[in-house]
Amino acid sequence: MDDNNKTDRIRSFWRFIIFKIAIKTVFGFVTKRKLLLPLFFLINALCWSQNLDKTDSVRTTNLIDSLLIDHDLRNWSVRLFGNIKAQGFKLSNNEAAFTYIPNNLYGIGIGVASRKLILDIGFTIKDKSTENTDRFDLRGGFIFNQSVIDFYFQIYDGFNIQNSINNTTVFRDDIKSIAGGIDYLYLFNAGKYSQTLLRSGLKNQEQNIFSFGVGGFLVYNQISADSSVIPMEFDPYFNEQARITNIISYGIGAMGGLVGLFRLPSNFYIGIGAKAGIGLTIKNAETETVSYNPRNPVLYKLDGSVLFGYKWNRFYTNISLRGSIHMSNLGFENNGAFTFLSGKLVLGYRIKGNKKSI
């Protein structure tokens, strides 16, 4: 065995050890939820795949480098942010409605941004005097030429239940929500549009840009609880099929949307986005006494976002609001909706001075 092969194996070994430690630390929340075994196999597959042909490894590295890494420090910024984020759901019929939302919505964080990637790490602010929702949030996106891809994965344990009957609120720590999805949008007139440049404060908005797009989406949602998600005292307002203890739904659909960037006076700018889709979903619901599959497969999806920002010299700031809702009929005169709401305030600083052109 020559020295080069020995060196490669030593490097692979240390990458294996470091990668495992990092994954265990960052995703400790997930592994506590009995996902350790599949995560272990995933880590091993990723690490030992380095023993494949060196040409394949180089090609993969070059692809990741070209898509995500910007080697010019003038295109990088560091940022601080505060946010409000909530993923919840609603169960309703013709007589009443119950809304399930987490009770600690606020967070702070730090991040970095370039023209190719934004990476923000946030920390939830918990109120020690009350019961808190345990949560894991992962949300991101990429823009490749005319293709816009957004993805998310969320796990929430514990919800406040608000009802429309007497407007009281109660906390249930046994209710758990798992949600994930991918959106894809192809922009017909992408031009110089880049949401990443807009959010990272790297570029002055020189002209107004507006574009339509078409694409599709995939969604997954699950709600589970130790007992009915409808508190016992409100049973008379709902039928047996609404007293859900577990429901799982898979959805796929087509989607259309639009995006716009608009220049305002004095280095202010605004960005907007809207998407609407319709698709099909497969659902399975369980109550304490029955199990059933809602027959109506139609799924409706609505998304909206707005960003207002200001840029000066090497500093920038922006505030953004974003909302999403998936609506579906659960049968037996019951309706369900999954919601996501977020707000974010960012203050950023460019590491090096402005470039003349980007």
# chains A, B, ... in the order shown; residues from 1 in each chain; ligands from 1

call {"tool": "select_by_dssp", "arguments": {"residues": "segment 69-312 of chain A", "states": "helix (DSSP H, G or I)", "output": "PyMOL selection string"}}
result
chain A and resi 73-75+195-200+232-237+240-242

call {"tool": "residues_around", "arguments": {"residues": "Val346 of chain A", "least_positions_apart": "6", "cutoff": "12 Å", "atoms": "only C-alpha atoms", "output": "PyMOL selection string"}}
result
chain A and resi 77-83+108-113+120+122+199-201+307-311+315-321

call {"tool": "closest_atom_pairs", "arguments": {"of": "segment 234-270 of chain A", "to": "segment 89-105 of chain A", "cutoff": "9 Å", "atoms": "only C-alpha atoms", "output": "CSV"}}
result
residue,atom,partner,partner_atom,distance
A:Tyr237,CA,A:Glu95,CA,6.7
A:Phe238,CA,A:Asn93,CA,7.5
A:Ala242,CA,A:Leu91,CA,8.0
